[in-house]
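A.B. asks: Next comes my_file-v2.json, JSON, C-alpha atoms:
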```json
[["chain", "number", "residue", "atom", "x", "y", "z"],
["A", 1, "MET", "CA", 130.60, 117.38, 122.99],
["A", 2, "LYS", "CA", 133.99, 115.71, 123.20],
["A", 3, "LEU", "CA", 135.41, 113.96, 120.15],
["A", 4, "PRO", "CA", 138.41, 111.61, 119.75],
["A", 5, "HIS", "CA", 141.75, 112.94, 118.52],
["A", 6, "PRO", "CA", 142.54, 111.26, 115.17],
["A", 7, "LEU", "CA", 145.90, 109.96, 116.41],
["A", 8, "THR", "CA", 145.59, 109.36, 120.13],
["A", 9, "GLY", "CA", 141.88, 108.61, 120.45],
["A", 10, "ASP", "CA", 141.72, 110.82, 123.54],
["A", 11, "LEU", "CA", 138.56, 112.88, 123.88],
["A", 12, "PHE", "CA", 138.72, 116.67, 123.60],
["A", 13, "GLU", "CA", 136.35, 119.60, 123.52],
["A", 14, "SER", "CA", 136.42, 122.08, 120.64],
["A", 15, "PRO", "CA", 138.15, 124.48, 121.11],
["A", 16, "VAL", "CA", 140.71, 122.53, 123.15],
["A", 17, "PRO", "CA", 141.27, 123.86, 126.70],
["A", 18, "PRO", "CA", 144.97, 124.28, 127.55],
["A", 19, "GLY", "CA", 146.68, 121.61, 129.60],
["A", 20, "THR", "CA", 144.25, 118.81, 128.74],
["A", 21, "GLY", "CA", 146.69, 116.55, 126.91],
["A", 22, "TRP", "CA", 146.47, 117.61, 123.26],
["A", 23, "PRO", "CA", 149.68, 116.51, 121.49],
["A", 24, "GLU", "CA", 152.38, 119.20, 121.48],
["A", 25, "ASP", "CA", 150.22, 121.66, 123.48],
["A", 26, "PRO", "CA", 152.78, 124.02, 125.07],
["A", 27, "ALA", "CA", 150.31, 125.56, 127.53],
["A", 28, "VAL", "CA", 149.04, 124.51, 130.95],
["A", 29, "ARG", "CA", 145.94, 125.63, 132.80],
["A", 30, "ARG", "CA", 147.89, 128.38, 134.61],
["A", 31, "THR", "CA", 149.51, 129.87, 131.48],
["A", 32, "PRO", "CA", 148.79, 133.62, 131.55],
["A", 33, "VAL", "CA", 146.32, 134.87, 128.96],
["A", 34, "ALA", "CA", 146.55, 138.15, 127.03],
["A", 35, "HIS", "CA", 143.15, 139.83, 126.59],
["A", 36, "ASP", "CA", 144.22, 143.04, 124.80],
["A", 37, "ALA", "CA", 147.16, 144.63, 123.01],
["A", 38, "PRO", "CA", 148.91, 145.97, 126.14],
["A", 39, "GLU", "CA", 148.76, 142.50, 127.70],
["A", 40, "VAL", "CA", 150.21, 140.96, 124.53],
["A", 41, "LEU", "CA", 153.11, 143.39, 124.76],
["A", 42, "ARG", "CA", 153.67, 142.64, 128.45],
["A", 43, "LEU", "CA", 153.37, 138.86, 128.20],
["A", 44, "SER", "CA", 155.58, 138.67, 125.12],
["A", 45, "GLU", "CA", 158.49, 139.84, 127.24],
["A", 46, "THR", "CA", 159.78, 136.44, 128.23],
["A", 47, "GLY", "CA", 163.21, 135.12, 127.45],
["A", 48, "GLN", "CA", 162.06, 131.50, 127.20],
["A", 49, "LEU", "CA", 160.88, 130.18, 123.86],
["A", 50, "ARG", "CA", 158.75, 127.40, 125.32],
["A", 51, "GLU", "CA", 156.96, 129.85, 127.62],
["A", 52, "LEU", "CA", 156.41, 132.23, 124.72],
["A", 53, "GLU", "CA", 154.83, 129.39, 122.71],
["A", 54, "ALA", "CA", 152.53, 128.65, 125.63],
["A", 55, "ARG", "CA", 151.43, 132.27, 126.02],
["A", 56, "VAL", "CA", 150.81, 132.65, 122.28],
["A", 57, "SER", "CA", 148.64, 129.52, 122.27],
["A", 58, "VAL", "CA", 146.10, 130.95, 124.74],
["A", 59, "CYS", "CA", 145.95, 134.57, 123.53],
["A", 60, "ARG", "CA", 142.49, 136.19, 123.35],
["A", 61, "ALA", "CA", 143.48, 139.75, 122.44],
["A", 62, "CYS", "CA", 141.57, 140.11, 119.14],
["A", 63, "PRO", "CA", 137.80, 139.67, 119.61],
["A", 64, "ARG", "CA", 137.01, 139.12, 115.92],
["A", 65, "LEU", "CA", 139.70, 136.46, 115.53],
["A", 66, "VAL", "CA", 138.73, 134.70, 118.76],
["A", 67, "GLU", "CA", 135.11, 134.55, 117.65],
["A", 68, "TRP", "CA", 136.00, 133.29, 114.17],
["A", 69, "ARG", "CA", 138.48, 130.59, 115.18],
["A", 70, "GLU", "CA", 136.10, 129.27, 117.83],
["A", 71, "ASP", "CA", 133.05, 129.38, 115.55],
["A", 72, "VAL", "CA", 134.99, 127.31, 113.01],
["A", 73, "ALA", "CA", 136.07, 124.92, 115.76],
["A", 74, "VAL", "CA", 132.47, 124.34, 116.79],
["A", 75, "GLY", "CA", 130.86, 124.36, 113.33],
["A", 76, "LYS", "CA", 133.66, 122.38, 111.62],
["A", 77, "ARG", "CA", 134.05, 121.51, 107.98],
["A", 78, "LYS", "CA", 131.85, 118.56, 107.06],
["A", 79, "SER", "CA", 134.84, 116.34, 106.21],
["A", 80, "PHE", "CA", 136.27, 116.89, 109.70],
["A", 81, "ALA", "CA", 133.01, 116.79, 111.66],
["A", 82, "ASP", "CA", 134.16, 113.73, 113.62],
["A", 83, "GLN", "CA", 137.30, 115.47, 114.94],
["A", 84, "PRO", "CA", 137.97, 117.93, 117.73],
["A", 85, "TYR", "CA", 139.38, 121.29, 116.61],
["A", 86, "TRP", "CA", 142.26, 123.04, 118.34],
["A", 87, "GLY", "CA", 140.54, 126.41, 117.89],
["A", 88, "ARG", "CA", 143.34, 128.43, 119.52],
["A", 89, "PRO", "CA", 146.28, 130.55, 118.30],
["A", 90, "ILE", "CA", 149.13, 128.63, 116.67],
["A", 91, "PRO", "CA", 152.60, 129.06, 118.19],
["A", 92, "GLY", "CA", 155.80, 128.83, 116.22],
["A", 93, "TRP", "CA", 157.03, 125.29, 115.64],
["A", 94, "GLY", "CA", 160.28, 123.51, 114.83],
["A", 95, "ALA", "CA", 163.90, 123.77, 115.91],
["A", 96, "VAL", "CA", 164.66, 125.76, 119.06],
["A", 97, "GLU", "CA", 167.91, 127.09, 117.56],
["A", 98, "PRO", "CA", 167.09, 127.16, 113.84],
["A", 99, "ARG", "CA", 169.46, 127.96, 111.01],
["A", 100, "ILE", "CA", 166.49, 128.47, 108.68],
["A", 101, "LEU", "CA", 163.27, 130.33, 109.50],
["A", 102, "ILE", "CA", 160.08, 130.12, 107.43],
["A", 103, "ALA", "CA", 157.67, 133.04, 107.89],
["A", 104, "GLY", "CA", 154.06, 132.90, 106.76],
["A", 105, "LEU", "CA", 150.81, 134.83, 107.09],
["A", 106, "ALA", "CA", 148.43, 132.99, 109.42],
["A", 107, "PRO", "CA", 146.99, 129.52, 110.09],
["A", 108, "ALA", "CA", 144.18, 128.10, 107.97],
["A", 109, "ALA", "CA", 140.71, 127.82, 109.48],
["A", 110, "ASN", "CA", 140.45, 124.08, 108.86],
["A", 111, "GLY", "CA", 144.20, 123.40, 108.84],
["A", 112, "GLY", "CA", 146.30, 124.71, 111.71],
["A", 113, "ASN", "CA", 143.17, 125.88, 113.51],
["A", 114, "ARG", "CA", 142.04, 122.27, 113.48],
["A", 115, "THR", "CA", 145.32, 120.46, 114.15],
["A", 116, "GLY", "CA", 147.14, 122.89, 116.42],
["A", 117, "ARG", "CA", 150.29, 123.01, 114.28],
["A", 118, "VAL", "CA", 151.20, 125.63, 111.72],
["A", 119, "PHE", "CA", 150.81, 124.57, 108.05],
["A", 120, "THR", "CA", 149.37, 121.22, 109.13],
["A", 121, "GLY", "CA", 146.26, 119.56, 107.79],
["A", 122, "ASP", "CA", 145.68, 121.59, 104.62],
["A", 123, "ARG", "CA", 146.85, 121.57, 101.00],
["A", 124, "SER", "CA", 149.41, 124.32, 101.53],
["A", 125, "GLY", "CA", 151.01, 122.30, 104.28],
["A", 126, "ASP", "CA", 150.98, 119.19, 102.10],
["A", 127, "TRP", "CA", 153.03, 121.05, 99.52],
["A", 128, "LEU", "CA", 155.39, 122.66, 102.00],
["A", 129, "PHE", "CA", 156.23, 119.62, 104.10],
["A", 130, "ALA", "CA", 156.67, 117.39, 101.06],
["A", 131, "ALA", "CA", 159.20, 119.90, 99.74],
["A", 132, "LEU", "CA", 160.97, 120.17, 103.09],
["A", 133, "HIS", "CA", 161.35, 116.39, 103.12],
["A", 134, "ARG", "CA", 162.61, 116.29, 99.53],
["A", 135, "VAL", "CA", 165.43, 118.72, 100.32],
["A", 136, "GLY", "CA", 166.31, 117.15, 103.69],
["A", 137, "LEU", "CA", 164.79, 119.63, 106.12],
["A", 138, "ALA", "CA", 162.06, 117.34, 107.52],
["A", 139, "ASN", "CA", 162.18, 113.72, 108.64],
["A", 140, "GLN", "CA", 158.93, 112.79, 106.86],
["A", 141, "PRO", "CA", 156.93, 114.15, 103.91],
["A", 142, "THR", "CA", 153.58, 114.64, 105.61],
["A", 143, "SER", "CA", 152.20, 116.76, 108.45],
["A", 144, "GLU", "CA", 148.66, 115.71, 109.25],
["A", 145, "HIS", "CA", 148.29, 116.05, 113.02],
["A", 146, "ALA", "CA", 150.30, 117.25, 116.00],
["A", 147, "GLY", "CA", 152.01, 114.30, 117.60],
["A", 148, "ASP", "CA", 152.63, 112.44, 114.32],
["A", 149, "GLY", "CA", 156.40, 112.16, 114.83],
["A", 150, "LEU", "CA", 157.34, 114.92, 112.42],
["A", 151, "HIS", "CA", 160.33, 117.09, 113.19],
["A", 152, "LEU", "CA", 162.16, 119.75, 111.22],
["A", 153, "ILE", "CA", 165.91, 119.79, 110.75],
["A", 154, "ALA", "CA", 167.50, 123.11, 111.81],
["A", 155, "THR", "CA", 164.30, 124.82, 110.63],
["A", 156, "ARG", "CA", 161.46, 126.67, 112.35],
["A", 157, "MET", "CA", 158.13, 128.07, 111.18],
["A", 158, "ILE", "CA", 156.40, 131.19, 112.46],
["A", 159, "ALA", "CA", 153.34, 133.15, 111.37],
["A", 160, "ALA", "CA", 152.83, 136.91, 111.40],
["A", 161, "VAL", "CA", 149.29, 136.45, 112.78],
["A", 162, "ARG", "CA", 148.67, 133.49, 115.06],
["A", 163, "CYS", "CA", 144.91, 133.00, 114.69],
["A", 164, "ALA", "CA", 143.02, 131.92, 111.57],
["A", 165, "PRO", "CA", 141.47, 135.12, 110.15],
["A", 166, "PRO", "CA", 138.20, 135.30, 108.18],
["A", 167, "ALA", "CA", 138.92, 135.12, 104.42],
["A", 168, "ASN", "CA", 142.63, 134.81, 105.32],
["A", 169, "LYS", "CA", 142.72, 138.58, 105.83],
["A", 170, "PRO", "CA", 143.62, 139.95, 109.26],
["A", 171, "THR", "CA", 142.97, 143.62, 109.80],
["A", 172, "PRO", "CA", 145.86, 146.07, 110.32],
["A", 173, "THR", "CA", 144.86, 146.33, 113.99],
["A", 174, "GLU", "CA", 144.93, 142.55, 114.39],
["A", 175, "ARG", "CA", 148.31, 142.40, 112.66],
["A", 176, "ASP", "CA", 149.70, 145.08, 114.96],
["A", 177, "THR", "CA", 148.23, 143.50, 118.09],
["A", 178, "CYS", "CA", 149.88, 140.18, 117.23],
["A", 179, "ALA", "CA", 153.21, 141.75, 116.23],
["A", 180, "PRO", "CA", 154.81, 141.57, 119.71],
["A", 181, "TRP", "CA", 154.46, 137.77, 119.68],
["A", 182, "PHE", "CA", 156.18, 137.69, 116.27],
["A", 183, "ARG", "CA", 158.96, 140.08, 117.34],
["A", 184, "ALA", "CA", 159.61, 138.22, 120.58],
["A", 185, "GLU", "CA", 159.95, 134.87, 118.83],
["A", 186, "LEU", "CA", 162.09, 136.36, 116.09],
["A", 187, "ASN", "CA", 164.35, 137.89, 118.73],
["A", 188, "LEU", "CA", 164.83, 134.54, 120.47],
["A", 189, "VAL", "CA", 165.75, 132.59, 117.34],
["A", 190, "LEU", "CA", 167.63, 135.26, 115.38],
["A", 191, "PRO", "CA", 171.05, 134.58, 116.94],
["A", 192, "THR", "CA", 171.31, 131.22, 115.14],
["A", 193, "THR", "CA", 169.27, 132.03, 112.02],
["A", 194, "GLN", "CA", 171.12, 132.53, 108.75],
["A", 195, "ALA", "CA", 168.33, 132.35, 106.16],
["A", 196, "ILE", "CA", 164.68, 133.41, 106.36],
["A", 197, "ILE", "CA", 162.13, 132.29, 103.75],
["A", 198, "CYS", "CA", 159.06, 134.50, 103.48],
["A", 199, "LEU", "CA", 155.98, 132.81, 102.04],
["A", 200, "GLY", "CA", 154.08, 135.60, 100.35],
["A", 201, "LYS", "CA", 154.28, 139.37, 100.61],
["A", 202, "PHE", "CA", 152.35, 139.66, 103.89],
["A", 203, "GLY", "CA", 154.87, 137.43, 105.65],
["A", 204, "TYR", "CA", 157.70, 139.31, 103.92],
["A", 205, "ASP", "CA", 156.45, 142.71, 105.09],
["A", 206, "ALA", "CA", 155.92, 141.46, 108.64],
["A", 207, "LEU", "CA", 159.39, 139.92, 108.68],
["A", 208, "LEU", "CA", 161.15, 143.11, 107.55],
["A", 209, "ALA", "CA", 159.17, 145.15, 110.11],
["A", 210, "GLY", "CA", 160.09, 142.65, 112.81],
["A", 211, "LEU", "CA", 163.78, 142.71, 111.89],
["A", 212, "GLN", "CA", 163.79, 146.51, 111.87],
["A", 213, "SER", "CA", 162.22, 146.62, 115.33],
["A", 214, "LEU", "CA", 165.07, 144.43, 116.58],
["A", 215, "GLY", "CA", 167.75, 146.80, 115.28],
["A", 216, "ALA", "CA", 168.35, 145.38, 111.81],
["A", 217, "THR", "CA", 169.31, 147.75, 109.00],
["A", 218, "ILE", "CA", 166.67, 147.63, 106.27],
["A", 219, "PRO", "CA", 167.85, 149.19, 102.99],
["A", 220, "LYS", "CA", 166.04, 152.25, 101.62],
["A", 221, "PRO", "CA", 164.09, 152.00, 99.46],
["A", 222, "ARG", "CA", 162.83, 148.80, 101.04],
["A", 223, "PRO", "CA", 163.84, 145.77, 98.92],
["A", 224, "PRO", "CA", 160.86, 144.41, 96.96],
["A", 225, "PHE", "CA", 159.23, 141.02, 97.41],
["A", 226, "GLY", "CA", 159.44, 138.49, 94.64],
["A", 227, "HIS", "CA", 159.89, 134.78, 94.17],
["A", 228, "ALA", "CA", 163.50, 133.65, 94.74],
["A", 229, "VAL", "CA", 164.73, 137.16, 95.48],
["A", 230, "GLU", "CA", 167.54, 137.39, 98.03],
["A", 231, "HIS", "CA", 168.23, 140.32, 100.32],
["A", 232, "PRO", "CA", 171.11, 140.26, 102.84],
["A", 233, "ILE", "CA", 170.05, 142.12, 105.97],
["A", 234, "GLU", "CA", 172.44, 143.29, 108.68],
["A", 235, "THR", "CA", 171.17, 142.47, 112.18],
["A", 236, "PRO", "CA", 172.72, 142.83, 115.65],
["A", 237, "HIS", "CA", 173.64, 139.14, 115.34],
["A", 238, "GLY", "CA", 175.24, 139.35, 111.90],
["A", 239, "THR", "CA", 173.98, 139.07, 108.35],
["A", 240, "VAL", "CA", 170.82, 137.11, 107.61],
["A", 241, "THR", "CA", 169.61, 136.48, 104.07],
["A", 242, "VAL", "CA", 165.89, 137.03, 103.45],
["A", 243, "LEU", "CA", 164.44, 135.02, 100.56],
["A", 244, "GLY", "CA", 161.09, 135.53, 98.90],
["A", 245, "CYS", "CA", 158.88, 132.61, 97.91],
["A", 246, "TYR", "CA", 155.37, 132.49, 96.50],
["A", 247, "HIS", "CA", 152.95, 131.08, 99.04],
["A", 248, "PRO", "CA", 152.06, 127.40, 98.43],
["A", 249, "SER", "CA", 148.35, 128.25, 98.31],
["A", 250, "GLN", "CA", 146.06, 126.27, 96.05],
["A", 251, "GLN", "CA", 145.60, 129.37, 93.93],
["A", 252, "ASN", "CA", 149.35, 129.46, 93.24],
["A", 253, "THR", "CA", 149.97, 125.73, 92.93],
["A", 254, "PHE", "CA", 146.91, 124.94, 90.79],
["A", 255, "THR", "CA", 147.74, 127.70, 88.33],
["A", 256, "GLY", "CA", 151.43, 126.83, 88.10],
["A", 257, "LYS", "CA", 152.56, 130.15, 89.56],
["A", 258, "LEU", "CA", 154.44, 128.01, 92.09],
["A", 259, "THR", "CA", 155.76, 124.61, 91.02],
["A", 260, "GLU", "CA", 157.55, 121.91, 93.01],
["A", 261, "PRO", "CA", 160.94, 122.69, 91.39],
["A", 262, "MET", "CA", 160.48, 126.39, 92.20],
["A", 263, "LEU", "CA", 159.74, 125.67, 95.86],
["A", 264, "ASP", "CA", 162.54, 123.11, 96.13],
["A", 265, "ALA", "CA", 165.01, 125.59, 94.65],
["A", 266, "VAL", "CA", 164.25, 128.23, 97.31],
["A", 267, "LEU", "CA", 164.52, 125.70, 100.14],
["A", 268, "THR", "CA", 167.77, 124.32, 98.73],
["A", 269, "ARG", "CA", 169.20, 127.83, 98.46],
["A", 270, "ALA", "CA", 168.29, 128.45, 102.11],
["A", 271, "LYS", "CA", 170.13, 125.24, 103.05],
["A", 272, "THR", "CA", 173.23, 126.45, 101.24],
["A", 273, "LEU", "CA", 173.08, 129.85, 102.94],
["A", 274, "ALA", "CA", 172.65, 128.15, 106.32],
["A", 275, "ASP", "CA", 175.61, 125.82, 105.70],
["A", 276, "LEU", "CA", 173.45, 122.74, 106.09]]
```
Translate the structure described by the file into structure tokens.
C.D. replies:
Amino acid sequence: MKLPHPLTGDLFESPVPPGTGWPEDPAVRRTPVAHDAPEVLRLSETGQLRELEARVSVCRACPRLVEWREDVAVGKRKSFADQPYWGRPIPGWGAVEPRILIAGLAPAANGGNRTGRVFTGDRSGDWLFAALHRVGLANQPTSEHAGDGLHLIATRMIAAVRCAPPANKPTPTERDTCAPWFRAELNLVLPTTQAIICLGKFGYDALLAGLQSLGATIPKPRPPFGHAVEHPIETPHGTVTVLGCYHPSQQNTFTGKLTEPMLDAVLTRAKTLADL
């Protein structure tokens, strides 16, 4: 059954087929689809960021994740039962030549998996985009749906795993299968990136592994994750500063482990490092 998009009113199936007009959908009907890990590796080898986004958004390489994201898209949360769900992998989003990169774990089942944009449509995204707007890295404080006019200023977001995983826990195999998408995107944006904010330890570990695979020098022992830590990393494109930040999950924000001033301080520090 087709349902109307909350912004455009256009009717879409859940999950949304590529090339059917969903706002900000990078894919078309002929976008090649990866069905296993070797195909992910092969299809990630494109030098065009927009094409990489398209290929990520139709990936079907991890059977458990495909089944989960699509089951959620069909079953839906009761509060969103009148909406179509994206139900596909979430590509990176934001500036094409970013000065700041924000790396996270994976999309939320009823957030990015519903809206088609990373960190959009859930409480974590509400916190993050409000903070980005407060410090001058986003043109508006909310991110509710793709196509809502939001844009980031010299900033881009990527996730280590591109599909919503059950219980927010991808398996090591799923993480490794998705890694070529992450590495390829990191490689394309690294030449302009000066600061990378890692939201949580999973994103931090994936980021360091990705940088190392691209020829960066990671200190030994590996620098630890922590909130507001800073680690300068030498890459083939120069020095990039990696910053740790607690994830803006409800568990962290409700308990006060992460506060608005704490999040704003990390984002502001990234702006300073990026000369923005």
A.B. asks: Quick one: of A:Gly92, A:Pro180, A:Gly226, A:Pro166, who's nearest to Gly210 of chain A, counting all atoms listed in the file?
C.D. replies: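 The answer is A:Pro180, which sits nearest to Gly210 of chain A.
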A.B. asks: Can you list every residue of segment 127-238 of chain A that has an atom at most 6 Å from segment 246-261 of chain A, with its nearest atom pair and the distance in Å to one decimal, using all atoms listed in the file, ordered by chain then number, as CSV?
C.D. replies:
```
residue,atom,partner,partner_atom,distance
A:Leu199,CA,A:His247,CA,4.6
A:Gly200,CA,A:His247,CA,4.8
A:His227,CA,A:Tyr246,CA,5.6
```
A.B. asks: Neighbourhood query: residues within 7 Å of (154.8, 129.1, 127.2), file coordinates, counting only C-alpha atoms; return as a PyMOL selection string.
C.D. replies: chain A and resi 26-27+31+50-55
A.B. asks: At what distance in Å, to one decimal, does atom CA of Gly112 of chain A lie from atom CA of Leu152 of chain A?
C.D. replies: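 Interatomic distance, atom CA of Leu152 of chain A to atom CA of Gly112 of chain A: 16.6 Å.
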A.B. asks: May I ask which of the residues A:Gln212, A:Asn168, A:Thr192, A:Thr8 is the closest one to Ala109 of chain A, counting only C-alpha atoms?
C.D. replies: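 Using only C-alpha atoms, Ala109 of chain A sits closest to A:Asn168.
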A.B. asks: Residues at most 7 Å from Val242 of chain A, counting only C-alpha atoms, excluding those fewer than 2 positions away in the same chain, as number ranges by chain?
C.D. replies: A: 195-197, 230-232, 240, 244
A.B. asks: Could you check the closest approach to Asp36 of chain A for each of A:Val66, A:Ala216, A:Ala228, A:Leu150 and tell me which residue wins, using all atoms listed in the file?
C.D. replies: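 Closest to Asp36 of chain A of all the choices is A:Val66.
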A.B. asks: A:Thr120, A:His5, A:Pro91, A:Ala154: which is nearest Gly21 of chain A, counting all atoms listed in the file?
C.D. replies: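 The shortest atom-to-atom distance to Gly21 of chain A comes from A:His5.
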A.B. asks: Hey, which of A:Thr46, A:Thr193, A:Gln83, A:Asn187 ends up closest to His145 of chain A? Count all atoms listed in the file.
C.D. replies: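 Of the candidates, the smallest distance to His145 of chain A is held by A:Gln83.
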A.B. asks: Please determine an axis-aligned box that encloses all atoms of segment 129-133 of chain A listed in the file, with 3 Å added on each side, and express its centre and edge lengths in Å to one decimal as JSON.
C.D. replies:
```
{"center_x": 158.8, "center_y": 118.3, "center_z": 101.9, "size_x": 11.1, "size_y": 9.8, "size_z": 10.4}
```
A.B. asks: In Å to one decimal, how far is atom CA of Leu273 of chain A from atom CA of Ala138 of chain A?
C.D. replies: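 Between these atoms lies a distance of 17.3 Å.
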A.B. asks: Check the smallest atom-to-atom distance from each of A:Ala106, A:Ile100, A:Leu190, A:Leu43 to Leu65 of chain A using only C-alpha atoms, then report the winner.
C.D. replies: A:Ala106
A.B. asks: With a distance cut-off of 12 Å and all atoms listed in the file, select the neighbouring residues of Ala81 of chain A, excluding the residue or stretch itself and same-chain residues fewer than 6 positions from it, and output the selection as a list in words.
C.D. replies: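 Using all atoms listed in the file, the neighbours found are Met1, Lys2, Leu3, Pro4, His5, Pro6, Ser14, Val72, Ala73, Val74, Gly75, Asn110 and Arg114 of chain A.
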